[in-house]
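Scroll down for the structure; my scribbles are underneath it.
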Amino acid sequence: MAIKVLVYDDNEALRASIGALIEAEDDLEMVAAMSNAETVETDLQQLRPDVVLMDIDMPVVDGVAAVSRIRKTDAKLPVVMLTIFDDTDNIFNAICAGASGYLLKQHVTTELAGAVRTVMAGGAPMTGSVARKVLAMVPKAAAKEQETSRLSERETAILQLLVNGFSYKMMAAELGVTIDTIRFHIKKIYDKLHVHSAAGAVSRAIRDKLV
Amino acid sequence: MRNNIAKDLHDEIGSTLTSIKILSEVSGKSIDRDSGKARAFLEKISEQSAAAQQGISDIVWAVKPENDKLENMVIRMREYAAQTLESKNVRTDIHIDAQLLGTGLSMQQRRDFFLIYKEAVNNIAKYAGATLVTVDIRAEGHSLHLRIRDNGAGFDTARSRSTSGLRNMRSRAEALGGTLEINSSAGEGTAIHLRIPLT
């Protein structure tokens, strides 16, 4: 059964290219390519995708708002944000709103299929500049009980390595663990961002322009 | 300084785009008669587009004032090594003297320094067949030293002295007011040593 992908992007050329990329993969199928997310709830109901690719920057309803709306109706549907360059603020906001991962548009050719499969398998990608923001925004756990919403020592170490440009492979070598372990920790970091954000602290800080 | 970035945009990105345009037109012409040739051209378009994207990203990175410290340079060097060498199963270890992390470089210095490194890494990816690359940045006396060593196949420095890639590296070393030494021999790997004065 092919993975059903629903794409949101306001750029027609990109919708067409991403469509072509998806169709070229045997295990992926594009159910639709929408130019805006205004009717995202009905879209999900009618099209029943397995994963959503969401452009982060769209008019009327932007990607971050769309993710919030998706999460209100479906806590688990994987949503991967599409972004140009490293739009750190929006990426961070999207993750806090519930995004499962993100992908730079310029890397879409080499990374799209992998990113879709990663989030379908429960994994989560992360890059240095977003890691820096996470370190600044999410407090470290001072005791084990705090570790449900605050960062553990291991997670802090991994975020710091990400900030310093280490790839997953380099981190695994540096920390003496497998790449799967690294991925596991990063997924936990995402979960904590969702929890932390749900508590409202992060969105408040952003609103109050503390970052 | 801005003039040099403009020159880079024109020389590097502009000429790549021209090439992509020509290849696209030629692919269009040959696609019916010779699809094998068209496929080869399309692959070239793909490679050159990726190179242009990387080139623009590198220019944007160098221009940003917040990237002025060697600390930021090392981050970008790691990212580039991971992106270029990991898929070829080459491990890259990058080490910098802690005291140098805060050393500042001008926009043009960042550009030249990173491009020397980038050229070295690209050559390793293309030709070396190495499994380990060590990059070392340290201060010795009044100079900054960048050493890039790989354990790959090596090459005959006498014969390859004037490839455009190596010439570029040397002219960028000159622009930095420094010297570039390349030591290599068949089967012994390659060592590149850049020395630039620290103000």
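The way I read the labels, and the way they are meant: chains A, B, ... in the order of the structure tokens, residue 1 as the first residue of every chain, and ligand 1 as the first ligand shown, with later ones counted on from there.
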
Within 12 Å of chain A: residues of chain B, using only C-alpha atoms, as a PyMOL selection string: chain B and resi 46-47+49-54+56-58+60-61+70-87+89-95+101

N, CA, C and O atoms of the current selection, written as a compact mmCIF listing (two decimals), in the first residue's frame:
# COMPACT_ATOMS: atom_id res chain seq x y z
N SER B 46 21.45 18.72 -13.64
CA SER B 46 21.15 18.44 -12.26
C SER B 46 22.35 18.76 -11.36
O SER B 46 22.24 19.43 -10.34
N GLU B 47 23.54 18.27 -11.78
CA GLU B 47 24.77 18.53 -11.00
C GLU B 47 25.04 20.02 -10.89
O GLU B 47 25.37 20.52 -9.83
N SER B 49 23.01 22.57 -11.28
CA SER B 49 22.01 23.28 -10.48
C SER B 49 22.33 23.15 -9.00
O SER B 49 22.24 24.10 -8.24
N ALA B 50 22.71 21.93 -8.60
CA ALA B 50 23.06 21.70 -7.19
C ALA B 50 24.27 22.54 -6.81
O ALA B 50 24.31 23.15 -5.74
N ALA B 51 25.25 22.61 -7.71
CA ALA B 51 26.46 23.39 -7.44
C ALA B 51 26.11 24.87 -7.31
O ALA B 51 26.63 25.57 -6.44
N ALA B 52 25.19 25.35 -8.16
CA ALA B 52 24.79 26.76 -8.09
C ALA B 52 24.06 27.04 -6.78
O ALA B 52 24.29 28.07 -6.13
N GLN B 53 23.20 26.13 -6.35
CA GLN B 53 22.50 26.33 -5.08
C GLN B 53 23.51 26.40 -3.93
O GLN B 53 23.40 27.26 -3.05
N GLN B 54 24.47 25.48 -3.95
CA GLN B 54 25.48 25.48 -2.91
C GLN B 54 26.28 26.78 -2.97
O GLN B 54 26.57 27.39 -1.93
N ILE B 56 25.42 29.75 -4.05
CA ILE B 56 24.67 30.89 -3.53
C ILE B 56 24.58 30.81 -2.01
O ILE B 56 24.76 31.81 -1.31
N SER B 57 24.33 29.62 -1.50
CA SER B 57 24.26 29.45 -0.05
C SER B 57 25.58 29.86 0.61
O SER B 57 25.59 30.51 1.65
N ASP B 58 26.70 29.50 -0.03
CA ASP B 58 28.01 29.87 0.52
C ASP B 58 28.22 31.37 0.50
O ASP B 58 28.78 31.94 1.43
N VAL B 60 25.81 33.71 0.55
CA VAL B 60 24.92 34.29 1.58
C VAL B 60 25.52 34.10 2.97
O VAL B 60 25.52 35.01 3.80
N TRP B 61 26.06 32.91 3.21
CA TRP B 61 26.68 32.64 4.53
C TRP B 61 27.83 33.59 4.80
O TRP B 61 27.95 34.16 5.89
N LEU B 70 35.68 32.36 13.62
CA LEU B 70 36.15 31.05 13.18
C LEU B 70 35.24 29.94 13.69
O LEU B 70 35.09 28.88 13.07
N GLU B 71 34.62 30.20 14.84
CA GLU B 71 33.64 29.27 15.41
C GLU B 71 32.56 28.92 14.39
O GLU B 71 32.17 27.77 14.23
N ASN B 72 32.05 29.95 13.68
CA ASN B 72 31.02 29.73 12.68
C ASN B 72 31.59 29.00 11.46
O ASN B 72 30.91 28.18 10.84
N MET B 73 32.85 29.32 11.14
CA MET B 73 33.52 28.67 10.01
C MET B 73 33.58 27.17 10.25
O MET B 73 33.30 26.37 9.35
N VAL B 74 33.96 26.79 11.47
CA VAL B 74 34.09 25.36 11.77
C VAL B 74 32.75 24.64 11.63
O VAL B 74 32.68 23.51 11.14
N ILE B 75 31.68 25.31 12.05
CA ILE B 75 30.35 24.71 11.92
C ILE B 75 30.04 24.44 10.46
O ILE B 75 29.60 23.35 10.09
N ARG B 76 30.28 25.45 9.63
CA ARG B 76 29.99 25.27 8.21
C ARG B 76 30.89 24.20 7.59
O ARG B 76 30.46 23.41 6.75
N MET B 77 32.14 24.14 8.02
CA MET B 77 33.07 23.14 7.51
C MET B 77 32.57 21.74 7.85
O MET B 77 32.60 20.83 7.02
N ARG B 78 32.08 21.55 9.09
CA ARG B 78 31.55 20.24 9.48
C ARG B 78 30.35 19.88 8.62
O ARG B 78 30.22 18.75 8.17
N GLU B 79 29.43 20.87 8.46
CA GLU B 79 28.23 20.60 7.68
C GLU B 79 28.60 20.23 6.25
O GLU B 79 28.03 19.29 5.68
N TYR B 80 29.58 20.93 5.68
CA TYR B 80 29.94 20.64 4.31
C TYR B 80 30.60 19.27 4.19
O TYR B 80 30.34 18.51 3.25
N ALA B 81 31.42 18.92 5.17
CA ALA B 81 32.07 17.60 5.16
C ALA B 81 31.01 16.50 5.27
O ALA B 81 31.06 15.50 4.55
N ALA B 82 30.04 16.69 6.16
CA ALA B 82 29.00 15.67 6.34
C ALA B 82 28.23 15.51 5.04
O ALA B 82 28.00 14.40 4.56
N GLN B 83 27.87 16.62 4.43
CA GLN B 83 27.06 16.61 3.22
C GLN B 83 27.79 15.99 2.05
O GLN B 83 27.21 15.27 1.25
N THR B 84 29.10 16.23 1.95
CA THR B 84 29.86 15.80 0.77
C THR B 84 30.53 14.45 0.94
O THR B 84 30.66 13.69 -0.02
N LEU B 85 31.01 14.15 2.16
CA LEU B 85 31.85 12.96 2.32
C LEU B 85 31.17 11.79 3.01
O LEU B 85 31.61 10.65 2.85
N GLU B 86 30.11 12.06 3.80
CA GLU B 86 29.53 10.96 4.55
C GLU B 86 28.96 9.85 3.68
O GLU B 86 29.10 8.67 4.00
N SER B 87 28.32 10.25 2.59
CA SER B 87 27.75 9.22 1.72
C SER B 87 28.83 8.38 1.07
O SER B 87 28.55 7.29 0.57
N ASN B 89 31.28 7.27 2.84
CA ASN B 89 31.89 6.59 3.98
C ASN B 89 33.26 7.12 4.37
O ASN B 89 34.16 6.36 4.73
N VAL B 90 33.40 8.44 4.27
CA VAL B 90 34.62 9.06 4.74
C VAL B 90 34.33 9.74 6.06
O VAL B 90 33.38 10.50 6.17
N ARG B 91 35.14 9.45 7.07
CA ARG B 91 34.95 10.10 8.35
C ARG B 91 35.77 11.38 8.38
O ARG B 91 36.92 11.40 7.95
N THR B 92 35.17 12.46 8.88
CA THR B 92 35.90 13.73 8.95
C THR B 92 36.01 14.19 10.38
O THR B 92 34.99 14.31 11.07
N ASP B 93 37.22 14.42 10.86
CA ASP B 93 37.42 14.96 12.20
C ASP B 93 37.97 16.37 12.06
O ASP B 93 39.01 16.58 11.45
N ILE B 94 37.25 17.33 12.65
CA ILE B 94 37.70 18.71 12.55
C ILE B 94 38.08 19.20 13.93
O ILE B 94 37.29 19.12 14.88
N HIS B 95 39.30 19.69 14.05
CA HIS B 95 39.77 20.18 15.34
C HIS B 95 40.26 21.62 15.22
O HIS B 95 40.94 21.97 14.26
N LEU B 101 38.54 30.16 18.56
CA LEU B 101 37.12 30.16 18.22
C LEU B 101 36.57 31.58 18.01
O LEU B 101 35.72 31.81 17.18

Residue list (strand (DSSP E), DSSP) for stretch 65-135 of chain A, as a ChimeraX atom specification: /A:79-83,101-104

In stretch 56-175 of chain A, DSSP alpha helix (DSSP H) residues written as a VMD selection string: chain A and resid 63 to 73 88 to 97 108 to 120 128 to 137 153 to 163 168 to 175

Contact residues around A:Lys105 with only C-alpha atoms at 12 Å, ignoring same-chain residues under 2 positions, as a VMD selection string: (chain A and resid 9 11 14 to 15 17 to 18 53 to 57 80 to 87 102 to 103 107 to 112 115) or (chain B and resid 53)

Residues from last step as file, C-alpha atoms, as a compact mmCIF listing (two decimals), in the first residue's frame:
# COMPACT_ATOMS: atom_id res chain seq x y z
CA ASP A 9 2.31 24.83 -1.53
CA ASN A 11 3.84 27.92 -5.82
CA LEU A 14 6.85 23.58 -6.92
CA ARG A 15 3.58 21.69 -6.67
CA SER A 17 7.92 19.27 -9.29
CA ILE A 18 7.11 17.80 -5.88
CA LEU A 53 3.80 18.15 3.23
CA MET A 54 3.13 21.74 4.20
CA ASP A 55 4.79 24.85 2.81
CA ILE A 56 5.73 26.99 5.78
CA ASP A 57 5.06 30.31 4.10
CA VAL A 80 6.51 17.76 7.31
CA MET A 81 7.13 21.47 6.74
CA LEU A 82 8.69 22.67 3.49
CA THR A 83 10.88 25.71 3.88
CA ILE A 84 13.41 27.76 1.93
CA PHE A 85 16.90 28.31 3.42
CA ASP A 86 16.80 27.85 7.17
CA ASP A 87 13.71 29.80 8.24
CA TYR A 102 10.93 19.85 8.17
CA LEU A 103 12.69 19.81 4.85
CA HIS A 107 17.14 19.49 -0.72
CA VAL A 108 13.76 18.15 -1.73
CA THR A 109 15.10 16.04 -4.62
CA THR A 110 17.51 14.07 -2.44
CA GLU A 111 15.63 14.17 0.84
CA LEU A 112 11.87 14.11 0.25
CA ALA A 115 11.94 12.54 5.15
CA GLN B 53 22.50 26.33 -5.08

Surrounding residues of B:Ala191 excluding itself and chain neighbours under 5 positions, 7 Å, only C-alpha atoms, as a list in words: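 My list of contacting residues is Arg147, Ile148, Arg149, Asp150, Ile182, Asn183 and Ser184 of chain B.
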
12 Å contact set for B:Pro197, only C-alpha atoms, chain neighbours under 4 positions out, as a PyMOL selection string: chain B and resi 105+109+138-146+173-179

For atom CA of A:Ser149 and atom CA of A:Lys192, the interatomic separation in Å (one decimal):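 Atom CA of A:Lys192 lies at a distance of 5.1 Å from atom CA of A:Ser149.
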
Surrounding residues of stretch 63-71 of chain A excluding itself and chain neighbours under 6 positions, 12 Å, only C-alpha atoms, as a ChimeraX atom specification: /A:7-10,35-45,49,51-57,77-83,89-102,194,197-198

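Among A:Val134, A:Glu147, A:Ala121, A:Leu193, the residue with the shortest atom-to-atom distance to A:Asp180, counting only C-alpha atoms, is A:Ala121.
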
Between atom CA of B:Glu181 and atom CA of B:Met169, distance in Å (one decimal): 10.2 Å

Near-B:Phe155 list (10 Å; only C-alpha atoms; drop same-chain fewer than 3 positions) as a list in words: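 Answer for this query is Tyr127, Ala128, Gly152, Ala158, Arg159, Ser160, Asn183, Ser184, Ser185, Ala186, Gly187, Glu188, Gly189 and Thr190 of chain B.
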
Those same residues - all heavy atoms - I'd like them written as a compact mmCIF listing (two decimals), in the first residue's frame.
# COMPACT_ATOMS: atom_id res chain seq x y z
N TYR B 127 38.21 12.16 -6.00
CA TYR B 127 39.37 11.38 -6.44
C TYR B 127 40.03 10.51 -5.39
O TYR B 127 40.71 9.55 -5.73
CB TYR B 127 40.46 12.31 -7.01
CG TYR B 127 39.96 13.30 -8.03
CD1 TYR B 127 40.11 14.67 -7.83
CD2 TYR B 127 39.33 12.85 -9.20
CE1 TYR B 127 39.65 15.58 -8.77
CE2 TYR B 127 38.87 13.77 -10.13
CZ TYR B 127 39.02 15.13 -9.91
OH TYR B 127 38.58 16.04 -10.83
N ALA B 128 39.90 10.87 -4.12
CA ALA B 128 40.83 10.27 -3.15
C ALA B 128 40.52 8.83 -2.77
O ALA B 128 41.44 8.05 -2.51
CB ALA B 128 40.89 11.13 -1.89
N GLY B 152 43.79 8.92 1.41
CA GLY B 152 43.37 8.32 0.14
C GLY B 152 44.51 8.02 -0.80
O GLY B 152 45.66 7.84 -0.39
N ALA B 158 53.46 16.99 -9.34
CA ALA B 158 54.20 17.60 -10.46
C ALA B 158 53.31 17.72 -11.67
O ALA B 158 53.26 18.74 -12.35
CB ALA B 158 55.43 16.75 -10.78
N ARG B 159 52.51 16.66 -11.92
CA ARG B 159 51.68 16.70 -13.13
C ARG B 159 50.44 17.56 -12.97
O ARG B 159 49.99 18.18 -13.92
CB ARG B 159 51.26 15.28 -13.51
CG ARG B 159 51.94 14.88 -14.80
CD ARG B 159 51.45 13.61 -15.39
NE ARG B 159 51.75 12.46 -14.58
CZ ARG B 159 50.97 11.37 -14.54
NH1 ARG B 159 49.89 11.31 -15.25
NH2 ARG B 159 51.29 10.36 -13.77
N SER B 160 49.87 17.58 -11.76
CA SER B 160 48.58 18.28 -11.62
C SER B 160 48.71 19.70 -11.11
O SER B 160 47.77 20.25 -10.59
CB SER B 160 47.68 17.49 -10.66
OG SER B 160 47.62 16.16 -11.06
N ASN B 183 51.14 18.60 -0.37
CA ASN B 183 52.05 17.45 -0.42
C ASN B 183 51.26 16.19 -0.68
O ASN B 183 50.27 15.91 0.00
CB ASN B 183 52.78 17.30 0.91
CG ASN B 183 53.91 18.30 1.03
OD1 ASN B 183 54.69 18.48 0.10
ND2 ASN B 183 53.98 19.00 2.15
N SER B 184 51.68 15.46 -1.70
CA SER B 184 50.95 14.24 -2.00
C SER B 184 51.83 13.30 -2.80
O SER B 184 52.71 13.75 -3.53
CB SER B 184 49.69 14.57 -2.80
OG SER B 184 48.94 13.40 -3.00
N SER B 185 51.62 12.02 -2.65
CA SER B 185 52.24 11.07 -3.57
C SER B 185 51.34 9.86 -3.66
O SER B 185 50.55 9.58 -2.74
CB SER B 185 53.64 10.69 -3.09
OG SER B 185 53.61 10.36 -1.73
N ALA B 186 51.47 9.16 -4.77
CA ALA B 186 50.57 8.04 -5.04
C ALA B 186 50.60 7.05 -3.89
O ALA B 186 51.64 6.60 -3.44
CB ALA B 186 50.99 7.36 -6.33
N GLY B 187 49.38 6.73 -3.37
CA GLY B 187 49.26 5.75 -2.30
C GLY B 187 49.52 6.29 -0.90
O GLY B 187 49.33 5.59 0.09
N GLU B 188 49.95 7.56 -0.82
CA GLU B 188 50.30 8.10 0.51
C GLU B 188 49.31 9.14 1.01
O GLU B 188 49.55 9.79 2.01
CB GLU B 188 51.69 8.74 0.48
CG GLU B 188 52.79 7.84 -0.02
CD GLU B 188 53.36 6.96 1.08
OE1 GLU B 188 53.59 7.49 2.18
OE2 GLU B 188 53.53 5.76 0.85
N GLY B 189 48.23 9.37 0.29
CA GLY B 189 47.30 10.40 0.75
C GLY B 189 47.79 11.79 0.39
O GLY B 189 48.81 11.96 -0.29
N THR B 190 47.03 12.78 0.85
CA THR B 190 47.35 14.16 0.49
C THR B 190 47.28 15.05 1.72
O THR B 190 46.43 14.83 2.59
CB THR B 190 46.32 14.67 -0.55
OG1 THR B 190 46.33 13.81 -1.67
CG2 THR B 190 46.64 16.10 -0.99

Between atom CA of B:Leu17 and atom CA of B:Lys118, distance in Å (one decimal):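 Those two atoms sit 20.2 Å apart.
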